[in-house]
>>> print(open('coords_1.csv').read())   # CSV, C-alpha atoms
chain,number,residue,atom,x,y,z
A,182,MET,CA,0.0,0.0,0.0
A,183,THR,CA,1.5,3.3,-1.0
A,184,PHE,CA,1.8,6.3,1.3
A,185,HIS,CA,-0.9,8.2,-0.6
A,186,GLN,CA,-3.3,5.3,-0.4
A,187,LYS,CA,-2.7,5.0,3.4
A,188,ILE,CA,-3.4,8.7,3.9
A,189,PHE,CA,-6.6,8.5,1.8
A,190,ALA,CA,-7.9,5.4,3.7
A,191,VAL,CA,-7.1,6.9,7.1
A,192,ALA,CA,-8.8,10.1,6.1
A,193,ALA,CA,-11.9,8.1,4.9
A,194,SER,CA,-12.1,6.1,8.2
A,195,LEU,CA,-11.7,9.3,10.3
A,196,ALA,CA,-14.4,11.1,8.2
A,197,ILE,CA,-16.8,8.2,8.7
A,198,PHE,CA,-16.1,8.3,12.5
A,199,VAL,CA,-16.5,12.1,12.7
A,200,VAL,CA,-19.7,12.2,10.6
A,201,ILE,CA,-21.4,9.4,12.7
A,202,VAL,CA,-20.5,11.0,16.0
A,203,TRP,CA,-21.8,14.4,14.7
A,204,LEU,CA,-25.1,12.9,13.6
A,205,VAL,CA,-25.6,11.1,16.9
A,206,ARG,CA,-24.7,14.4,18.8
A,207,ASP,CA,-27.3,16.3,16.7
A,208,ARG,CA,-29.9,13.5,17.3
A,209,LYS,CA,-30.2,12.8,13.6
A,210,LEU,CA,-29.0,9.2,14.1
A,211,LYS,CA,-29.8,7.0,17.1
A,212,ALA,CA,-26.8,5.6,18.9
A,213,GLU,CA,-28.2,2.1,18.5
A,214,TYR,CA,-27.9,2.4,14.6
A,215,SER,CA,-24.5,4.0,14.7
A,216,TRP,CA,-22.4,1.1,15.9
A,217,GLN,CA,-22.2,-0.7,12.5
A,218,TRP,CA,-20.9,2.5,10.8
A,219,LEU,CA,-18.4,3.2,13.6
A,220,LEU,CA,-17.3,-0.4,13.2
A,221,THR,CA,-16.8,0.1,9.5
A,222,GLY,CA,-14.5,3.1,10.2
A,223,CYS,CA,-12.5,1.1,12.7
A,224,VAL,CA,-12.1,-1.9,10.3
A,225,VAL,CA,-10.8,0.4,7.5
A,226,PHE,CA,-8.4,2.0,10.0
A,227,VAL,CA,-7.2,-1.4,11.2
A,228,PHE,CA,-6.5,-2.6,7.6
A,229,VAL,CA,-4.5,0.6,6.9
A,230,VAL,CA,-2.2,0.3,9.9
A,231,TRP,CA,-2.0,-3.5,9.7
A,232,TYR,CA,-1.9,-4.1,6.0
A,233,ASP,CA,-0.5,-7.6,6.5
A,234,LEU,CA,-3.8,-8.6,8.0
A,235,LEU,CA,-5.6,-7.7,4.8
A,236,VAL,CA,-3.1,-9.6,2.8
A,237,LYS,CA,-3.5,-12.7,5.1
A,238,LEU,CA,-7.3,-12.4,4.9
A,239,THR,CA,-7.0,-12.3,1.1
A,240,GLY,CA,-5.1,-15.5,1.2
A,241,TRP,CA,-7.6,-17.2,3.5
A,242,ILE,CA,-10.6,-16.4,1.3
A,243,GLY,CA,-8.7,-17.4,-1.9
A,244,ALA,CA,-8.8,-13.9,-3.5
A,245,VAL,CA,-6.0,-12.6,-5.6
A,246,ALA,CA,-5.8,-8.9,-4.8
A,247,PRO,CA,-6.5,-7.3,-1.4
A,248,THR,CA,-8.8,-4.8,-3.1
A,249,THR,CA,-11.1,-7.8,-4.0
A,250,THR,CA,-11.2,-8.7,-0.3
A,251,LEU,CA,-12.2,-5.2,0.6
A,252,PHE,CA,-15.0,-5.2,-2.1
A,253,ILE,CA,-16.3,-8.6,-1.0
A,254,PHE,CA,-16.4,-7.6,2.7
A,255,SER,CA,-18.0,-4.2,1.8
A,256,ILE,CA,-20.8,-6.0,-0.1
A,257,ILE,CA,-21.4,-8.5,2.7
A,258,PHE,CA,-21.5,-5.6,5.2
A,259,LEU,CA,-24.1,-3.8,3.0
A,260,VAL,CA,-26.2,-6.9,2.8
A,261,PHE,CA,-26.2,-7.2,6.6
A,262,VAL,CA,-27.0,-3.5,7.0
A,263,SER,CA,-30.0,-4.0,4.6
A,264,LEU,CA,-31.1,-7.1,6.5
A,265,HIS,CA,-30.8,-5.3,9.8
A,266,PHE,CA,-33.0,-2.4,8.5
A,267,ALA,CA,-35.5,-4.9,7.0
A,268,ILE,CA,-35.9,-6.5,10.5
A,269,LYS,CA,-36.3,-3.1,12.1
A,270,ILE,CA,-38.9,-2.0,9.5
A,271,SER,CA,-40.8,-5.3,10.1
A,272,GLN,CA,-40.9,-4.6,13.9
A,273,LEU,CA,-41.9,-1.0,13.3
A,274,SER,CA,-44.7,-2.0,10.9
A,275,ASP,CA,-46.1,-4.3,13.6
A,276,GLN,CA,-45.9,-1.5,16.1
A,277,VAL,CA,-47.6,1.0,13.7
A,278,LYS,CA,-50.3,-1.6,12.9
A,279,ASN,CA,-51.0,-2.3,16.6
A,280,LEU,CA,-51.1,1.4,17.4
A,281,ALA,CA,-53.4,2.2,14.5
A,282,GLN,CA,-55.7,-0.7,15.7
A,283,LYS,CA,-55.6,0.6,19.2
A,284,ILE,CA,-56.4,4.2,18.1
A,285,SER,CA,-59.3,3.0,15.9
A,286,LEU,CA,-60.8,0.9,18.8
A,287,LEU,CA,-60.4,3.8,21.3
A,288,GLU,CA,-61.9,6.3,18.9
A,289,ALA,CA,-64.9,4.0,18.2
A,290,GLN,CA,-65.5,3.4,21.9
A,291,ALA,CA,-65.2,7.2,22.6
A,292,GLY,CA,-67.7,7.9,19.8
A,293,ARG,CA,-70.1,5.4,21.4
A,294,SER,CA,-69.7,6.9,24.8
A,295,THR,CA,-70.4,10.4,23.4
A,296,ASP,CA,-73.5,9.1,21.6
A,297,ILE,CA,-74.8,7.5,24.8
A,298,ALA,CA,-74.1,10.7,26.8
A,299,ASN,CA,-75.9,12.8,24.2
A,300,GLN,CA,-79.0,10.5,24.4
A,301,ASP,CA,-79.1,11.0,28.2
F,30,MET,CA,-73.2,-6.5,25.4
F,31,SER,CA,-74.2,-9.3,23.1
F,32,ARG,CA,-72.2,-12.5,23.3
F,33,ARG,CA,-72.3,-12.7,19.5
F,34,CYS,CA,-70.9,-10.3,17.0
F,35,ILE,CA,-70.6,-10.0,13.3
F,36,ILE,CA,-67.5,-8.4,11.9
F,37,ILE,CA,-67.6,-6.9,8.4
F,38,PRO,CA,-64.3,-5.7,7.1
F,39,ALA,CA,-64.9,-3.1,4.4
F,40,TYR,CA,-62.7,-1.0,2.0
F,41,ASN,CA,-64.5,1.4,-0.3
F,42,GLU,CA,-67.8,-0.4,-0.1
F,43,ALA,CA,-70.1,2.6,0.2
F,44,GLY,CA,-72.4,1.2,-2.5
F,45,GLN,CA,-72.8,-2.3,-0.8
F,46,ILE,CA,-72.3,-1.9,2.9
F,47,ALA,CA,-75.9,-0.8,3.9
F,48,PRO,CA,-77.6,-3.8,2.3
F,49,VAL,CA,-75.0,-6.1,3.8
F,50,ILE,CA,-75.7,-4.7,7.3
F,51,GLU,CA,-79.5,-4.9,6.7
F,52,GLY,CA,-79.1,-8.5,5.5
F,53,ALA,CA,-77.1,-9.5,8.5
F,54,ARG,CA,-79.6,-7.8,10.9
F,55,ARG,CA,-82.5,-9.7,9.3
F,56,PHE,CA,-80.9,-13.0,10.2
F,57,SER,CA,-79.2,-12.3,13.6
F,58,ASP,CA,-79.5,-10.2,16.7
F,59,ALA,CA,-75.7,-10.1,17.0
F,60,GLN,CA,-73.9,-6.8,17.3
F,61,ILE,CA,-72.8,-5.7,13.9
F,62,VAL,CA,-69.3,-4.2,13.7
F,63,VAL,CA,-68.0,-2.7,10.5
F,64,VAL,CA,-64.2,-2.3,10.3
F,65,ASP,CA,-63.6,0.4,7.7
F,66,ASP,CA,-60.0,-0.2,6.5
F,67,GLY,CA,-59.2,3.4,5.6
F,68,SER,CA,-61.8,3.8,2.9
F,69,VAL,CA,-61.7,7.0,0.8
F,70,ASP,CA,-65.5,6.9,0.0
F,71,ALA,CA,-68.5,7.2,2.4
F,72,THR,CA,-68.3,3.6,3.7
F,73,HIS,CA,-68.2,4.6,7.4
F,74,GLU,CA,-71.0,7.1,7.2
F,75,ARG,CA,-73.3,4.6,5.3
F,76,ALA,CA,-72.4,1.9,7.8
F,77,ARG,CA,-73.2,4.1,10.7
F,78,VAL,CA,-76.5,5.3,9.3
F,79,ALA,CA,-77.4,1.6,8.7
F,80,GLY,CA,-76.9,1.1,12.4
F,81,ALA,CA,-73.6,-0.7,12.6
F,82,PHE,CA,-70.9,0.1,15.1
F,83,VAL,CA,-68.0,1.4,13.0
F,84,ILE,CA,-64.3,1.1,13.7
F,85,ARG,CA,-62.3,3.2,11.3
F,86,HIS,CA,-58.6,2.6,10.5
F,87,PRO,CA,-56.7,5.8,10.0
F,88,PHE,CA,-55.2,4.3,6.7
F,89,ASN,CA,-55.5,1.2,4.6
F,90,MET,CA,-53.7,-1.8,6.1
F,91,GLY,CA,-55.1,-4.8,4.4
F,92,ALA,CA,-58.0,-7.3,4.8
F,93,GLY,CA,-56.1,-9.4,7.5
F,94,VAL,CA,-55.5,-6.3,9.7
F,95,ALA,CA,-59.1,-5.2,9.3
F,96,VAL,CA,-60.5,-8.5,10.5
F,97,GLN,CA,-57.9,-8.7,13.3
F,98,THR,CA,-59.1,-5.3,14.5
F,99,GLY,CA,-62.6,-6.9,14.7
F,100,TYR,CA,-61.1,-9.9,16.7
F,101,LYS,CA,-59.5,-7.4,19.1
F,102,TYR,CA,-62.8,-5.6,19.5
F,103,ALA,CA,-64.6,-8.8,20.2
F,104,CYS,CA,-62.0,-9.8,22.8
F,105,GLN,CA,-62.2,-6.5,24.6
F,106,ASN,CA,-66.0,-6.5,24.6
F,107,GLY,CA,-66.6,-10.0,26.0
F,108,CYS,CA,-68.0,-11.6,22.8
F,109,GLU,CA,-68.0,-15.4,22.8
F,110,TYR,CA,-68.9,-16.1,19.2
F,111,LEU,CA,-67.8,-14.1,16.2
F,112,LEU,CA,-68.9,-14.3,12.6
F,113,GLN,CA,-67.1,-12.5,9.8
F,114,MET,CA,-68.5,-11.8,6.3
F,115,ASP,CA,-67.3,-9.7,3.4
F,116,GLY,CA,-68.6,-6.1,3.0
F,117,ASP,CA,-69.3,-6.4,-0.7
F,118,GLY,CA,-72.4,-8.5,-0.5
F,119,GLN,CA,-70.9,-11.8,-1.8
F,120,HIS,CA,-72.0,-13.7,1.3
F,121,HIS,CA,-75.7,-14.6,1.6
F,122,PRO,CA,-76.8,-13.7,5.1
F,123,ALA,CA,-79.3,-16.5,5.3
F,124,HIS,CA,-76.5,-18.8,6.5
F,125,ILE,CA,-75.6,-16.7,9.5
F,126,PRO,CA,-77.9,-18.6,12.0
F,127,GLU,CA,-76.5,-22.0,10.8
F,128,LEU,CA,-72.9,-20.9,11.1
F,129,PHE,CA,-73.4,-19.5,14.6
F,130,SER,CA,-75.3,-22.6,15.6
F,131,MET,CA,-72.5,-24.9,14.5
F,132,VAL,CA,-70.0,-23.1,16.7
F,133,GLU,CA,-72.3,-22.6,19.6
F,134,ARG,CA,-73.3,-26.3,19.7
F,135,GLY,CA,-69.6,-27.2,19.9
F,136,VAL,CA,-69.6,-29.0,16.5
F,137,CYS,CA,-66.4,-27.1,15.7
F,138,ASP,CA,-64.2,-24.2,16.8
F,139,LEU,CA,-64.3,-22.6,13.3
F,140,ALA,CA,-67.1,-23.0,10.8
F,141,ILE,CA,-66.4,-22.1,7.2
F,142,GLY,CA,-69.0,-21.3,4.6
F,143,SER,CA,-68.1,-23.3,1.6
F,144,ARG,CA,-69.4,-22.4,-1.9
F,145,PHE,CA,-68.2,-25.7,-3.3
F,146,LEU,CA,-70.4,-27.9,-1.0
F,147,GLN,CA,-73.5,-26.5,-2.6
F,148,PRO,CA,-75.3,-28.8,-5.1
F,149,GLY,CA,-73.6,-28.1,-8.4
F,150,GLY,CA,-70.8,-26.1,-6.6
F,151,GLN,CA,-69.8,-22.7,-7.9
F,152,ARG,CA,-67.8,-21.6,-10.9
F,153,THR,CA,-64.7,-19.5,-10.3
F,154,GLY,CA,-62.1,-18.2,-12.6
F,155,PHE,CA,-59.3,-20.5,-13.8
F,156,TRP,CA,-56.5,-19.1,-11.6
F,157,LYS,CA,-58.7,-18.9,-8.5
F,158,HIS,CA,-60.0,-22.5,-9.1
F,159,THR,CA,-56.4,-23.7,-9.6
F,160,GLY,CA,-55.3,-22.0,-6.5
F,161,ILE,CA,-58.1,-23.4,-4.4
F,162,ARG,CA,-57.4,-26.9,-5.6
F,163,LEU,CA,-53.7,-26.5,-4.9
F,164,PHE,CA,-54.4,-25.2,-1.4
F,165,ARG,CA,-57.0,-27.9,-0.7
F,166,ALA,CA,-54.3,-30.5,-1.6
F,167,LEU,CA,-51.7,-28.7,0.6
F,168,ILE,CA,-54.1,-28.7,3.6
F,169,ARG,CA,-54.8,-32.4,3.1
F,170,ILE,CA,-51.1,-33.2,2.8
F,171,THR,CA,-50.0,-31.2,5.8
F,172,THR,CA,-52.9,-31.8,8.2
F,173,GLY,CA,-54.7,-34.9,6.8
F,174,GLN,CA,-58.0,-33.0,6.8
F,175,SER,CA,-60.2,-31.8,4.1
F,176,VAL,CA,-61.3,-28.2,3.6
F,177,THR,CA,-63.1,-27.5,0.3
F,178,ASP,CA,-63.1,-23.7,0.4
F,179,PRO,CA,-59.9,-22.4,2.0
F,180,THR,CA,-60.3,-18.9,0.6
F,181,SER,CA,-63.8,-18.3,2.0
F,182,GLY,CA,-64.1,-15.2,4.2
F,183,TYR,CA,-67.5,-16.3,5.5
F,184,ARG,CA,-66.5,-17.8,8.8
F,185,CYS,CA,-67.8,-18.2,12.3
F,186,MET,CA,-65.6,-18.9,15.3
F,187,ASN,CA,-65.5,-19.2,19.1
F,188,ARG,CA,-63.5,-17.0,21.5
F,189,ARG,CA,-60.5,-19.4,21.6
F,190,VAL,CA,-60.0,-19.0,17.8
F,191,PHE,CA,-60.4,-15.2,17.6
F,192,GLU,CA,-58.2,-14.8,20.7
F,193,TYR,CA,-55.5,-16.9,18.9
F,194,PHE,CA,-55.9,-14.6,15.8
F,195,THR,CA,-55.0,-11.5,17.7
F,196,ALA,CA,-51.3,-12.4,17.7
F,197,ASP,CA,-48.8,-10.4,15.7
F,198,SER,CA,-48.2,-13.5,13.5
F,199,TYR,CA,-51.7,-13.2,11.9
F,200,PRO,CA,-51.2,-12.4,8.2
F,201,TRP,CA,-51.9,-8.8,7.1
F,202,ASP,CA,-53.2,-9.4,3.6
F,203,TYR,CA,-54.4,-12.9,2.9
F,204,PRO,CA,-55.5,-15.0,5.9
F,205,ASP,CA,-56.6,-18.1,3.9
F,206,ALA,CA,-55.1,-21.6,3.7
F,207,ASN,CA,-52.1,-20.5,5.9
F,208,VAL,CA,-54.3,-19.8,8.9
F,209,ILE,CA,-56.4,-22.9,8.4
F,210,ILE,CA,-53.3,-25.1,8.4
F,211,ASP,CA,-52.1,-23.2,11.5
F,212,LEU,CA,-55.4,-23.8,13.3
F,213,LEU,CA,-55.5,-27.5,12.4
F,214,ARG,CA,-51.9,-28.0,13.6
F,215,MET,CA,-52.8,-26.3,16.9
F,216,GLY,CA,-55.6,-28.7,17.4
F,217,PHE,CA,-58.6,-26.5,16.6
F,218,ARG,CA,-61.6,-28.2,15.0
F,219,ILE,CA,-62.8,-26.9,11.6
F,220,ALA,CA,-66.1,-27.8,9.9
F,221,GLU,CA,-67.7,-26.5,6.7
F,222,LEU,CA,-71.3,-25.6,5.8
F,223,PRO,CA,-72.6,-25.3,2.2
F,224,VAL,CA,-73.3,-21.7,1.5
F,225,GLU,CA,-74.4,-19.6,-1.5
F,226,MET,CA,-72.1,-16.9,-2.6
F,227,SER,CA,-72.5,-14.3,-5.4
F,228,PRO,CA,-69.8,-12.7,-7.5
F,229,ASN,CA,-68.8,-9.2,-6.4
F,230,PRO,CA,-71.6,-6.9,-7.7
F,231,GLU,CA,-69.0,-4.4,-9.0
F,232,GLY,CA,-66.8,-7.2,-10.5
F,233,ARG,CA,-64.0,-6.4,-8.2
F,234,SER,CA,-61.6,-9.0,-6.8
F,235,MET,CA,-58.6,-9.2,-4.5
F,236,HIS,CA,-57.0,-11.5,-6.9
F,237,ARG,CA,-56.9,-9.6,-10.2
F,238,GLY,CA,-53.9,-9.1,-12.4
F,239,VAL,CA,-50.9,-11.3,-13.0
F,240,LEU,CA,-48.7,-9.5,-10.4
F,241,ARG,CA,-51.3,-9.7,-7.7
F,242,ILE,CA,-52.0,-13.4,-8.4
F,243,SER,CA,-48.2,-14.2,-8.5
F,244,TYR,CA,-47.7,-12.3,-5.2
F,245,TYR,CA,-50.7,-14.2,-3.7
F,246,PHE,CA,-49.3,-17.6,-4.6
F,247,PHE,CA,-45.8,-16.7,-3.4
F,248,ASN,CA,-47.2,-15.2,-0.2
F,249,MET,CA,-49.4,-18.2,0.5
F,250,PHE,CA,-46.7,-20.8,-0.2
F,251,PHE,CA,-44.2,-19.0,1.9
F,252,SER,CA,-46.5,-18.4,4.9
F,253,ILE,CA,-47.6,-22.0,4.8
F,254,LEU,CA,-43.9,-23.0,4.9
F,255,VAL,CA,-43.3,-20.7,7.8
F,256,VAL,CA,-46.4,-22.1,9.7
F,257,LEU,CA,-45.0,-25.6,9.1
F,258,LEU,CA,-41.6,-24.7,10.4
F,259,ARG,CA,-42.9,-22.9,13.4
F,260,ARG,CA,-42.9,-24.8,16.7
F,261,LYS,CA,-46.4,-25.5,18.1
F,262,SER,CA,-45.5,-23.6,21.3
F,263,ASP,CA,-44.5,-20.4,19.4
>>> encode(input="coords_1.csv", output="structure tokens")
Amino acid sequence: MTFHQKIFAVAASLAIFVVIVWLVRDRKLKAEYSWQWLLTGCVVFVFVVWYDLLVKLTGWIGAVAPTTTLFIFSIIFLVFVSLHFAIKISQLSDQVKNLAQKISLLEAQAGRSTDIANQD
Amino acid sequence: MSRRCIIIPAYNEAGQIAPVIEGARRFSDAQIVVVDDGSVDATHERARVAGAFVIRHPFNMGAGVAVQTGYKYACQNGCEYLLQMDGDGQHHPAHIPELFSMVERGVCDLAIGSRFLQPGGQRTGFWKHTGIRLFRALIRITTGQSVTDPTSGYRCMNRRVFEYFTADSYPWDYPDANVIIDLLRMGFRIAELPVEMSPNPEGRSMHRGVLRISYYFFNMFFSILVVLLRRKSD
């Protein structure tokens, strides 16, 4: 890895870290959703300072170039992020459905109570 | 509060809902509850004027969610027997007393109105007929029991069944063969009654268009697989 590549990779990982911390500080991103992005920044940083690990990993998975390893792990990471959000959306959909049903039932019961009160 | 209630899920049924409510009232003294699934027409006003208790969803969520809201209402209001029928006038209300009677006498936990047990049966479109035959076979293979009309929405059930249906696992869009297999696996008893059904007066159907039919088949097969993989204690 050339010196320029190292500088770029370190800058990218630091940028990810700073942006995520900034978003959490501004309450635009919840801390519980920030860990995977912080982890990404850390992994990039580790590979920069410990390039031999990336080369070893490339050998273990049978890839030819370390860049291929990075791309493969990036894609796997994005798949997991999408899956994580799909699970969260499913949970939120259930919560929205239950809330909407509860509101509908309460509204209907309140309407009935009002009708009874008006009759009296 | 009546021990019986009739749940009518409705979505944009302003033209049909009043005669459906009147028909149901002619044949039963049960409380009639219309669940308006976020209609953009006058369904809820017409249902209210016709004398039904109306529960209105803030937005459209699907037929499964609409009937589930009805189940939750029945649970909260001490109902013991619940009958559900479509809001588009396809289900003839003359069968309401027989369906209630089957469940109340303990013949079964869930009574399904079957259009195919009528003498001469009933003609349905090619895809619907193929689907029904396929799901009948799946029910027989997975549970060993025979249900002739797994897509019928004309059903009557006791409290144990509708309490079971209030779980989050209840399907949002198509509660058909999947819920029947689930109930049979859980040990509930299901029986059928021959009923007359008419086609939708406005020619509408939930299963129209290649994409919808494909999605329906995928959804049904997948949810049946999930039901079969689920442990009985879940």
>>> interface_residues(input="coords_1.csv", of="chain F", to="chain A", cutoff="8 Å", atoms="only C-alpha atoms", output="PyMOL selection string")
chain F and resi 82-87+90+94+98+102+197
>>> atom_distance(input="coords_1.csv", atom1="atom CA of F:Val132", atom2="atom CA of F:Asn187")
6.4 Å
>>> residues_around(input="coords_1.csv", residues="F:Leu163", least_positions_apart="6", cutoff="12 Å", atoms="all atoms listed in the file", output="ChimeraX atom specification")
/F:156-157,169-170,176-180,206,246,249-250
>>> atom_distance(input="coords_1.csv", atom1="atom CA of F:Phe217", atom2="atom CA of F:Ile50")
29.2 Å
>>> closest_residue(input="coords_1.csv", among="A:Leu210, A:Ile253, A:Leu220, A:Phe184", to="A:Phe198", atoms="only C-alpha atoms")
A:Leu220
>>> atom_distance(input="coords_1.csv", atom1="atom CA of F:Thr153", atom2="atom CA of F:Ala220")
21.9 Å
>>> residues_around(input="coords_1.csv", residues="F:Ile141", least_positions_apart="5", cutoff="9 Å", atoms="all atoms listed in the file", output="PyMOL selection string")
chain F and resi 128+176+178-179+181-186+219-224
>>> write_last_selection(input="coords_1.csv", atoms="C-alpha atoms", output="PDB file, in the frame of the given file")
ATOM      1  CA  LEU F 128     -72.900 -20.900  11.100  1.00  0.00           C
ATOM      2  CA  VAL F 176     -61.300 -28.200   3.600  1.00  0.00           C
ATOM      3  CA  ASP F 178     -63.100 -23.700   0.400  1.00  0.00           C
ATOM      4  CA  PRO F 179     -59.900 -22.400   2.000  1.00  0.00           C
ATOM      5  CA  SER F 181     -63.800 -18.300   2.000  1.00  0.00           C
ATOM      6  CA  GLY F 182     -64.100 -15.200   4.200  1.00  0.00           C
ATOM      7  CA  TYR F 183     -67.500 -16.300   5.500  1.00  0.00           C
ATOM      8  CA  ARG F 184     -66.500 -17.800   8.800  1.00  0.00           C
ATOM      9  CA  CYS F 185     -67.800 -18.200  12.300  1.00  0.00           C
ATOM     10  CA  MET F 186     -65.600 -18.900  15.300  1.00  0.00           C
ATOM     11  CA  ILE F 219     -62.800 -26.900  11.600  1.00  0.00           C
ATOM     12  CA  ALA F 220     -66.100 -27.800   9.900  1.00  0.00           C
ATOM     13  CA  GLU F 221     -67.700 -26.500   6.700  1.00  0.00           C
ATOM     14  CA  LEU F 222     -71.300 -25.600   5.800  1.00  0.00           C
ATOM     15  CA  PRO F 223     -72.600 -25.300   2.200  1.00  0.00           C
ATOM     16  CA  VAL F 224     -73.300 -21.700   1.500  1.00  0.00           C
TER      17      VAL F 224
END
>>> residues_around(input="coords_1.csv", residues="stretch 244-247 of chain A", least_positions_apart="3", cutoff="10 Å", atoms="only C-alpha atoms", output="list in words")
Met182, Tyr232, Asp233, Leu234, Leu235, Val236, Lys237, Leu238, Thr239, Gly240, Trp241, Thr250, Leu251, Phe252 and Ile253 of chain A
>>> residues_around(input="coords_1.csv", residues="stretch 225-227 of chain F", least_positions_apart="5", cutoff="7 Å", atoms="only C-alpha atoms", output="VMD selection string")
chain F and resid 119 to 121 144
>>> closest_residue(input="coords_1.csv", among="F:Met215, F:Ile210, F:Asn229, F:Tyr203", to="F:Ile253", atoms="all atoms listed in the file")
F:Ile210
>>> residues_around(input="coords_1.csv", residues="stretch 212-219 of chain A", least_positions_apart="4", cutoff="8 Å", atoms="all atoms listed in the file", output="list in words")
Ile197, Phe198, Ile201, Val205, Cys223 and Val262 of chain A
>>> closest_residue(input="coords_1.csv", among="F:Met131, F:Cys108, F:Ile209, F:Val255", to="F:Arg165", atoms="only C-alpha atoms")
F:Ile209
>>> build_atoms(input="coords_1.csv", residues="stretch 269-280 of chain A", atoms="N, CA and C atoms", output="PDB file, keeping the file's coordinate frame")
ATOM      1  N   LYS A 269     -35.784  -4.217  11.333  1.00  0.00           N
ATOM      2  CA  LYS A 269     -36.300  -3.100  12.100  1.00  0.00           C
ATOM      3  C   LYS A 269     -37.617  -2.568  11.486  1.00  0.00           C
ATOM      4  N   ILE A 270     -37.684  -2.511  10.137  1.00  0.00           N
ATOM      5  CA  ILE A 270     -38.900  -2.000   9.500  1.00  0.00           C
ATOM      6  C   ILE A 270     -40.073  -2.991   9.796  1.00  0.00           C
ATOM      7  N   SER A 271     -39.792  -4.311   9.811  1.00  0.00           N
ATOM      8  CA  SER A 271     -40.800  -5.300  10.100  1.00  0.00           C
ATOM      9  C   SER A 271     -41.372  -5.036  11.550  1.00  0.00           C
ATOM     10  N   GLN A 272     -40.426  -4.814  12.483  1.00  0.00           N
ATOM     11  CA  GLN A 272     -40.900  -4.600  13.900  1.00  0.00           C
ATOM     12  C   GLN A 272     -41.667  -3.273  13.957  1.00  0.00           C
ATOM     13  N   LEU A 273     -41.186  -2.235  13.256  1.00  0.00           N
ATOM     14  CA  LEU A 273     -41.900  -1.000  13.300  1.00  0.00           C
ATOM     15  C   LEU A 273     -43.279  -1.072  12.645  1.00  0.00           C
ATOM     16  N   SER A 274     -43.367  -1.859  11.539  1.00  0.00           N
ATOM     17  CA  SER A 274     -44.700  -2.000  10.900  1.00  0.00           C
ATOM     18  C   SER A 274     -45.659  -2.677  11.840  1.00  0.00           C
ATOM     19  N   ASP A 275     -45.197  -3.685  12.597  1.00  0.00           N
ATOM     20  CA  ASP A 275     -46.100  -4.300  13.600  1.00  0.00           C
ATOM     21  C   ASP A 275     -46.527  -3.328  14.638  1.00  0.00           C
ATOM     22  N   GLN A 276     -45.559  -2.492  15.073  1.00  0.00           N
ATOM     23  CA  GLN A 276     -45.900  -1.500  16.100  1.00  0.00           C
ATOM     24  C   GLN A 276     -46.895  -0.471  15.566  1.00  0.00           C
ATOM     25  N   VAL A 277     -46.685  -0.024  14.320  1.00  0.00           N
ATOM     26  CA  VAL A 277     -47.600   1.000  13.700  1.00  0.00           C
ATOM     27  C   VAL A 277     -48.993   0.338  13.566  1.00  0.00           C
ATOM     28  N   LYS A 278     -49.025  -0.927  13.108  1.00  0.00           N
ATOM     29  CA  LYS A 278     -50.300  -1.600  12.900  1.00  0.00           C
ATOM     30  C   LYS A 278     -51.053  -1.701  14.273  1.00  0.00           C
ATOM     31  N   ASN A 279     -50.330  -2.141  15.327  1.00  0.00           N
ATOM     32  CA  ASN A 279     -51.000  -2.300  16.600  1.00  0.00           C
ATOM     33  C   ASN A 279     -51.453  -0.941  17.178  1.00  0.00           C
ATOM     34  N   LEU A 280     -50.642   0.105  16.947  1.00  0.00           N
ATOM     35  CA  LEU A 280     -51.100   1.400  17.400  1.00  0.00           C
ATOM     36  C   LEU A 280     -52.286   1.919  16.646  1.00  0.00           C
TER      37      LEU A 280
END
